[in-house]
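Report on one structure; see the data block that follows.
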Amino acid sequence: AIPGPAGGSTLLTGIGELTTNVPGGPGTREGDPTGLVTDAVVLLDGGRVAWTGPAREVRDAVGRALGGRAPDATVDAGGRAVIPGFVDSHTHLLFAGARAAEFEARMAGRPYEAGGIRSTVAATRAASDDALRAGLARHLDEAARQGTTTVEVKSGYGLTVADEERAARLAREVTPEVTFLGAHVVPAEYAGRADEYVDLVRGDMLAACAPYARWVDVFCETGAFTPEQSRRVLEAGAAAGLGVRVHANQLGPGEGVRLAVALGAAAVDHCTYLTDDDVAALAGSWSGAAGAAPGTVATLLPGVEFSTRQPYPDARRLLDAGAVVALASDCNPGSSYTSSMPLCVALAVREMRMTVAEAVWSATAGGALALRRDDVGHLAPGARADVVLLDAPSRVHLAYRPGVPLVGAVWKDGVRLP
Ligand code: NIG
Ligand code: FE
């Protein structure tokens with residue numbers, strides 16, 4: 001292996017239970033999509049995974065992978081579990097201010113309203129670049145310490161050409177997964193003129209943000225944008241070379257999920273209120289021939305239902321129909337102010353009828369599919385060396401011990417986080 005920019009090699013030994021998400025890999029059991037290996041070893045080299053497999057095969061394999069070199073570091077996991085770093089495919093981390101009073105009022109009985117977004121817009125517009133950078137860095141650090149190694153960040157609290165451009169530019173400083181969400185809500189100054197705002201979003205605002213963004217997104221919901229307005233924004237984004245993702249069916253049923261599937265979106269997120277037709281469309285999006293474009297991932301965001309007291313979506317219904325499910329935090333100051341993927345896993349298992357194996361897969365490999373990334377979310381030779389060592393003997397503890405800090409160590413691109 002050629003050492004990459006991250007340089008050195010690390011051998012992780014004594015892993016009691018390794019989740020690779022690679023079915024059929026060395027030491028896995030047939031038919032296990034999570035590619036679990038017991039008594040396992042992982043070799044990281046030059047920022048990439050060089051080898052994974054059972055300890056009994058390690059001597060020959062590691063010698064081959066390193067061309068006779070000894071690893072620079074060896075870490076004994078002492079029987080603990082290892083999983084791929086979490087892929088948080090949906091956050092709104094470019095914001096200023098907080099909305100604790102709104103949360104408190106909601107817990108006292110007030111409903112969640114999309115209009116709350118506008119108060120974060122005001123705080124974000126008023127913040128300096130450096131204040132926004134500092135908030136972003138603080139939240140990313142918080143997420144990393146909970147095992148998140150890939151994170152998507154949306155704009156959407158600027159809602160002017162200059163403020164959205166700034167959000168996309170600052171987000172691009174920390175992640176390649178930047179989403180342009182100029183169509184988050186209609187800002188106050190465009191009240192009653194939603195179509196004019198849509199024209200701004202798909203015109204000058206998109207042009208200013210596209211150089212920094214990989215994705216375009218729209219909040220397709222009553223109180224935000226209609227399916228027709230959403231389609232116009234998404235089609236303009238796609239024409240500008242951006243991939244499509246959609247916020248839909250969060251607060252009630254609607255056409256957003258089917259619109260997302262029709263446009264070949266990588267993901268449609270929330271999916272709290274789904275009809276049988278929505279579920280069938282999501283599942284059907286994956287039934288193309290081998291080699292066909294991937295389908296639309298249903299990204300579930302249990303932090304939102306937790307924090308807004310809405311009913312949780314039923315992941316079992318989606319999975320049994322053959323849909324592909326991702327889990328993400330939706331971290332934002334309004335509907336879900338948590339950066340914790342372990343919490344999302346625990347909620348998905350407890351409240352959404354997912355098995356632990358499914359939830360861990362959805363928070364790693366599922367997130368990678370939602371971002372159409374083939375280099376993260378799994379551990380196999382060539383994948384990014386993004387690894388989480390749990391302070392627990394198995395991944396079951398992520399759901400079994402909710403709220404307990406179980407992330408023992410994190411490697412990002414082969415480098416151990418301090
Ligand atoms: O994903 N649904 C739209 N946007 C965010 C909420 C943002 C906010 O309340 O500030 C969400 O839940
Ligand atoms: Fe969101």
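In the structure tokens, chains take letters A, B, ... by order of appearance, with residues numbered from 1 within each chain and ligands from 1 in the order shown.
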
#### Entry: Nearby polymer residues, ligand 2, at most 12 Å, only C-alpha atoms and all ligand atoms, as JSON, numbers by chain
{"A": [88, 89, 90, 91, 92, 93, 94, 114, 117, 152, 153, 154, 155, 156, 157, 179, 180, 181, 183, 184, 185, 217, 218, 219, 220, 221, 245, 246, 247, 248, 249, 250, 267, 268, 269, 270, 271, 299, 300, 301, 302, 303, 304, 328, 329, 330, 331, 332, 333, 334, 335, 336, 337]}

Atoms kept (N, CA and C atoms) for selection, written as a compact mmCIF listing (two decimals), in the first residue's frame:
```
# COMPACT_ATOMS: atom_id res chain seq x y z
N ASP A 88 -23.26 10.84 9.12
CA ASP A 88 -24.44 11.65 9.42
C ASP A 88 -24.79 12.44 8.17
N SER A 89 -25.76 11.93 7.41
CA SER A 89 -26.04 12.45 6.06
C SER A 89 -27.03 13.61 6.07
N HIS A 90 -27.37 14.14 7.24
CA HIS A 90 -28.36 15.23 7.29
C HIS A 90 -28.17 16.07 8.54
N THR A 91 -27.54 17.26 8.37
CA THR A 91 -27.46 18.22 9.49
C THR A 91 -27.66 19.64 8.95
N HIS A 92 -27.96 20.52 9.87
CA HIS A 92 -28.08 21.97 9.57
C HIS A 92 -27.14 22.71 10.51
N LEU A 93 -25.84 22.42 10.44
CA LEU A 93 -24.93 22.93 11.47
C LEU A 93 -24.42 24.34 11.21
N LEU A 94 -24.84 24.97 10.11
CA LEU A 94 -24.38 26.34 9.86
C LEU A 94 -25.45 27.29 10.38
N ALA A 114 -42.81 25.07 11.34
CA ALA A 114 -41.67 25.37 10.47
C ALA A 114 -41.26 26.84 10.58
N ILE A 117 -37.98 28.40 12.10
CA ILE A 117 -36.75 28.51 11.31
C ILE A 117 -36.35 29.98 11.16
N GLU A 152 -22.72 15.68 6.54
CA GLU A 152 -23.29 16.58 5.54
C GLU A 152 -23.76 17.83 6.28
N VAL A 153 -23.59 19.01 5.66
CA VAL A 153 -24.03 20.27 6.27
C VAL A 153 -24.83 21.05 5.24
N LYS A 154 -26.00 21.54 5.66
CA LYS A 154 -26.86 22.30 4.76
C LYS A 154 -26.76 23.80 5.04
N SER A 155 -26.94 24.59 3.99
CA SER A 155 -27.24 26.01 4.18
C SER A 155 -28.73 26.09 4.54
N GLY A 156 -29.31 27.26 4.53
CA GLY A 156 -30.75 27.33 4.75
C GLY A 156 -31.18 28.24 5.89
N TYR A 157 -30.19 28.85 6.58
CA TYR A 157 -30.54 29.85 7.59
C TYR A 157 -30.03 31.23 7.17
N THR A 179 -24.86 21.01 1.17
CA THR A 179 -26.17 21.03 0.51
C THR A 179 -26.72 22.45 0.50
N PHE A 180 -27.15 22.88 -0.68
CA PHE A 180 -27.77 24.20 -0.84
C PHE A 180 -29.26 24.07 -0.54
N LEU A 181 -29.69 24.69 0.57
CA LEU A 181 -31.09 24.64 0.99
C LEU A 181 -31.65 26.07 1.08
N ALA A 183 -34.19 26.96 -0.35
CA ALA A 183 -35.64 26.77 -0.23
C ALA A 183 -35.95 26.02 1.08
N HIS A 184 -35.58 26.66 2.20
CA HIS A 184 -35.86 26.08 3.52
C HIS A 184 -37.23 26.56 3.97
N VAL A 185 -37.41 27.88 4.06
CA VAL A 185 -38.74 28.49 4.20
C VAL A 185 -38.72 29.79 3.39
N ASP A 217 -31.43 20.85 -2.06
CA ASP A 217 -32.46 20.30 -1.18
C ASP A 217 -33.60 21.33 -1.10
N VAL A 218 -34.81 20.85 -0.81
CA VAL A 218 -35.97 21.72 -0.63
C VAL A 218 -36.81 21.17 0.52
N PHE A 219 -37.38 22.06 1.32
CA PHE A 219 -38.34 21.64 2.34
C PHE A 219 -39.72 21.63 1.68
N CYS A 220 -40.16 20.46 1.22
CA CYS A 220 -41.43 20.31 0.52
C CYS A 220 -42.49 19.95 1.56
N GLU A 221 -43.24 20.93 2.03
CA GLU A 221 -44.14 20.71 3.17
C GLU A 221 -45.13 21.87 3.23
N ARG A 245 -31.64 15.99 -3.10
CA ARG A 245 -32.16 15.41 -1.85
C ARG A 245 -33.31 16.29 -1.40
N VAL A 246 -34.24 15.74 -0.63
CA VAL A 246 -35.49 16.44 -0.34
C VAL A 246 -35.86 16.23 1.13
N HIS A 247 -36.37 17.32 1.76
CA HIS A 247 -37.06 17.21 3.06
C HIS A 247 -38.54 17.02 2.76
N ALA A 248 -39.15 15.96 3.20
CA ALA A 248 -40.57 15.78 2.88
C ALA A 248 -41.29 14.90 3.88
N ASN A 249 -42.63 15.07 3.91
CA ASN A 249 -43.52 14.21 4.70
C ASN A 249 -43.10 14.20 6.18
N GLN A 250 -42.68 15.38 6.66
CA GLN A 250 -42.27 15.51 8.07
C GLN A 250 -43.47 15.82 8.96
N ALA A 267 -31.74 10.86 -1.70
CA ALA A 267 -32.41 10.61 -0.43
C ALA A 267 -33.61 11.51 -0.27
N VAL A 268 -34.60 11.02 0.45
CA VAL A 268 -35.70 11.87 0.90
C VAL A 268 -35.80 11.67 2.41
N ASP A 269 -35.80 12.79 3.11
CA ASP A 269 -35.51 12.77 4.54
C ASP A 269 -36.71 13.21 5.37
N HIS A 270 -36.85 12.61 6.52
CA HIS A 270 -37.97 12.67 7.46
C HIS A 270 -38.87 11.46 7.23
N CYS A 271 -39.71 11.46 6.17
CA CYS A 271 -40.55 10.28 5.86
C CYS A 271 -41.37 9.84 7.07
N THR A 299 -34.34 8.53 4.54
CA THR A 299 -33.54 8.87 5.71
C THR A 299 -34.47 9.24 6.86
N LEU A 300 -34.38 8.49 7.93
CA LEU A 300 -35.22 8.71 9.10
C LEU A 300 -34.41 9.47 10.15
N LEU A 301 -35.08 10.39 10.84
CA LEU A 301 -34.41 11.35 11.72
C LEU A 301 -35.08 11.31 13.09
N PRO A 302 -34.82 10.26 13.87
CA PRO A 302 -35.59 10.08 15.11
C PRO A 302 -35.38 11.17 16.14
N GLY A 303 -34.29 11.93 16.03
CA GLY A 303 -34.10 13.06 16.94
C GLY A 303 -35.21 14.08 16.79
N VAL A 304 -35.79 14.16 15.59
CA VAL A 304 -36.88 15.12 15.35
C VAL A 304 -38.13 14.69 16.10
N ALA A 328 -30.06 9.59 10.42
CA ALA A 328 -29.22 10.79 10.55
C ALA A 328 -29.75 11.63 11.70
N SER A 329 -28.94 12.62 12.11
CA SER A 329 -29.30 13.39 13.32
C SER A 329 -30.23 14.56 13.02
N ASP A 330 -30.14 15.14 11.80
CA ASP A 330 -30.84 16.39 11.49
C ASP A 330 -30.42 17.52 12.43
N CYS A 331 -29.24 17.43 13.00
CA CYS A 331 -28.86 18.38 14.06
C CYS A 331 -29.12 19.83 13.62
N ASN A 332 -30.00 20.50 14.35
CA ASN A 332 -30.36 21.90 14.09
C ASN A 332 -30.98 22.45 15.37
N PRO A 333 -31.00 23.78 15.55
CA PRO A 333 -31.44 24.32 16.84
C PRO A 333 -32.95 24.26 17.05
N GLY A 334 -33.72 23.87 16.02
CA GLY A 334 -35.17 23.86 16.16
C GLY A 334 -35.74 22.49 16.45
N SER A 335 -35.70 21.63 15.45
CA SER A 335 -36.46 20.37 15.55
C SER A 335 -35.67 19.22 16.15
N SER A 336 -34.32 19.33 16.24
CA SER A 336 -33.53 18.18 16.71
C SER A 336 -32.14 18.66 17.07
N TYR A 337 -31.97 19.16 18.30
CA TYR A 337 -30.66 19.72 18.65
C TYR A 337 -29.80 18.65 19.31
```

#### Entry: Residues flagged strand (DSSP E or B) by DSSP in segment 1-238 of chain A, as a ChimeraX atom specification
/A:9-19,36-45,48-54,73-76,81-84,86-88,91,148-151,153-154,178-183,215-220,225

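Distance check against ligand 1 using only C-alpha atoms and all ligand atoms: of A:Ala96, A:Ala315, A:Ala240, A:Val201, the minimum falls on A:Ala96.
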
#### Entry: Which of segment 147-248 of chain A fall in helix (DSSP H, G or I), as JSON, numbers by chain
{"A": [161, 162, 163, 164, 165, 166, 167, 168, 169, 170, 171, 172, 188, 189, 190, 194, 195, 196, 197, 198, 199, 200, 201, 202, 203, 204, 205, 206, 207, 208, 209, 227, 228, 229, 230, 231, 232, 233, 234, 235, 236, 237, 238, 239]}

Please provide the set of residues having any atom within 9 Å of Leu379 of chain A, restricted to only C-alpha atoms, with same-chain residues fewer than 5 positions apart removed, written as a PDB file with C-alpha atoms, in the first residue's frame.
```
ATOM      1  CA  THR A  19     -18.923  -4.633  12.035  1.00  0.00           C
ATOM      2  CA  THR A  20     -17.556  -4.306   8.486  1.00  0.00           C
ATOM      3  CA  ASN A  21     -20.826  -3.860   6.529  1.00  0.00           C
ATOM      4  CA  VAL A  22     -19.131  -6.002   3.887  1.00  0.00           C
ATOM      5  CA  VAL A  42      -8.277  -4.144  11.367  1.00  0.00           C
ATOM      6  CA  VAL A  49      -8.285   0.397   5.486  1.00  0.00           C
ATOM      7  CA  TRP A  51      -7.105  -5.319   5.760  1.00  0.00           C
ATOM      8  CA  THR A  52      -9.906  -6.644   7.996  1.00  0.00           C
ATOM      9  CA  ILE A  83     -17.800  -0.273  13.863  1.00  0.00           C
ATOM     10  CA  PRO A  84     -17.302   2.032  10.853  1.00  0.00           C
ATOM     11  CA  ARG A 384     -11.449   5.363   4.299  1.00  0.00           C
ATOM     12  CA  ALA A 385      -9.879   4.504   7.639  1.00  0.00           C
ATOM     13  CA  ASP A 386     -12.844   5.952   9.585  1.00  0.00           C
ATOM     14  CA  VAL A 387     -13.241   3.695  12.595  1.00  0.00           C
TER      15      VAL A 387
END
```

As an mmCIF file with N, CA and C atoms, in the first residue's frame, please: the residues near Gly243 of chain A (cut-off 8 Å, only C-alpha atoms, same-chain neighbours under 4 positions excluded).
```
data_model
loop_
_atom_site.group_PDB
_atom_site.id
_atom_site.type_symbol
_atom_site.label_atom_id
_atom_site.label_comp_id
_atom_site.auth_asym_id
_atom_site.auth_seq_id
_atom_site.Cartn_x
_atom_site.Cartn_y
_atom_site.Cartn_z
ATOM 1 N N ARG A 214 -22.550 20.260 -3.251
ATOM 2 C CA ARG A 214 -22.658 19.007 -3.997
ATOM 3 C C ARG A 214 -24.125 18.648 -4.220
ATOM 4 N N TRP A 215 -24.999 19.211 -3.363
ATOM 5 C CA TRP A 215 -26.401 18.806 -3.349
ATOM 6 C C TRP A 215 -27.333 20.018 -3.345
ATOM 7 N N VAL A 216 -28.559 19.810 -3.857
ATOM 8 C CA VAL A 216 -29.635 20.789 -3.688
ATOM 9 C C VAL A 216 -30.765 20.093 -2.926
ATOM 10 N N GLY A 237 -31.422 23.011 -9.678
ATOM 11 C CA GLY A 237 -30.205 22.531 -9.021
ATOM 12 C C GLY A 237 -29.573 21.388 -9.805
ATOM 13 N N ALA A 238 -30.398 20.462 -10.259
ATOM 14 C CA ALA A 238 -29.871 19.330 -11.037
ATOM 15 C C ALA A 238 -29.234 19.829 -12.331
ATOM 16 N N ALA A 265 -33.799 11.408 -6.694
ATOM 17 C CA ALA A 265 -33.058 11.937 -5.548
ATOM 18 C C ALA A 265 -32.239 10.840 -4.873
ATOM 19 N N ALA A 266 -31.085 11.231 -4.326
ATOM 20 C CA ALA A 266 -30.277 10.278 -3.557
ATOM 21 C C ALA A 266 -30.985 9.915 -2.258
#
```

Segment 188-200 of chain A environment, 7 Å, only C-alpha atoms, sequence neighbours closer than 3 positions dropped, as a short mmCIF file (atom, residue, chain, number, x, y, z; two decimals) with N, CA and C atoms, in the first residue's frame:
```
data_model
loop_
_atom_site.label_atom_id
_atom_site.label_comp_id
_atom_site.auth_asym_id
_atom_site.auth_seq_id
_atom_site.Cartn_x
_atom_site.Cartn_y
_atom_site.Cartn_z
N GLY A 203 -32.39 31.02 -9.34
CA GLY A 203 -31.59 31.90 -10.19
C GLY A 203 -30.29 32.30 -9.50
N ASP A 204 -30.25 33.55 -9.03
CA ASP A 204 -28.99 34.11 -8.52
C ASP A 204 -28.45 33.34 -7.30
N MET A 205 -29.37 32.87 -6.43
CA MET A 205 -28.90 32.20 -5.20
C MET A 205 -28.22 30.87 -5.53
N GLN A 229 -43.39 24.17 -6.55
CA GLN A 229 -42.24 25.05 -6.27
C GLN A 229 -40.99 24.21 -6.01
N VAL A 233 -37.20 24.23 -8.06
CA VAL A 233 -35.89 24.44 -7.44
C VAL A 233 -34.99 23.23 -7.68
#
```

### Message
Can you tell me which residues surround segment 27-31 of chain A at a distance of at most 10 Å, considering only C-alpha atoms, apart from same-chain residues fewer than 6 positions away, and format the answer as a PyMOL selection string?
### Response
chain A and resi 18-21+37-40+52-57

### Message
Please list as a PyMOL selection string every residue within 12 Å of Asp45 of chain A, counting only C-alpha atoms and excluding residues in the same chain fewer than 3 positions away.
### Response
chain A and resi 1-12+42+48-52+62+65-67+69-74+380-386+411-415

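Remark: for ligand 1, the closest of the candidate residues A:Gly147, A:Pro418, A:Gly367, A:Gly97 is A:Gly97 (distances computed over only C-alpha atoms and all ligand atoms).
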
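Each of A:Ala262, A:Val257, A:Ala280, A:Ala224 was checked against ligand 1 using only C-alpha atoms and all ligand atoms; the smallest atom-to-atom distance is that of A:Ala224.
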
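Distances from A:Glu17, A:Glu235, A:Asp32, A:Glu113 to ligand 1 were compared using only C-alpha atoms and all ligand atoms, and the smallest one belongs to A:Glu113.
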
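If only C-alpha atoms and all ligand atoms are the atoms counted, then among A:Ala101, A:Val404, A:Val121, A:Ala108 the closest residue to ligand 1 is A:Val121.
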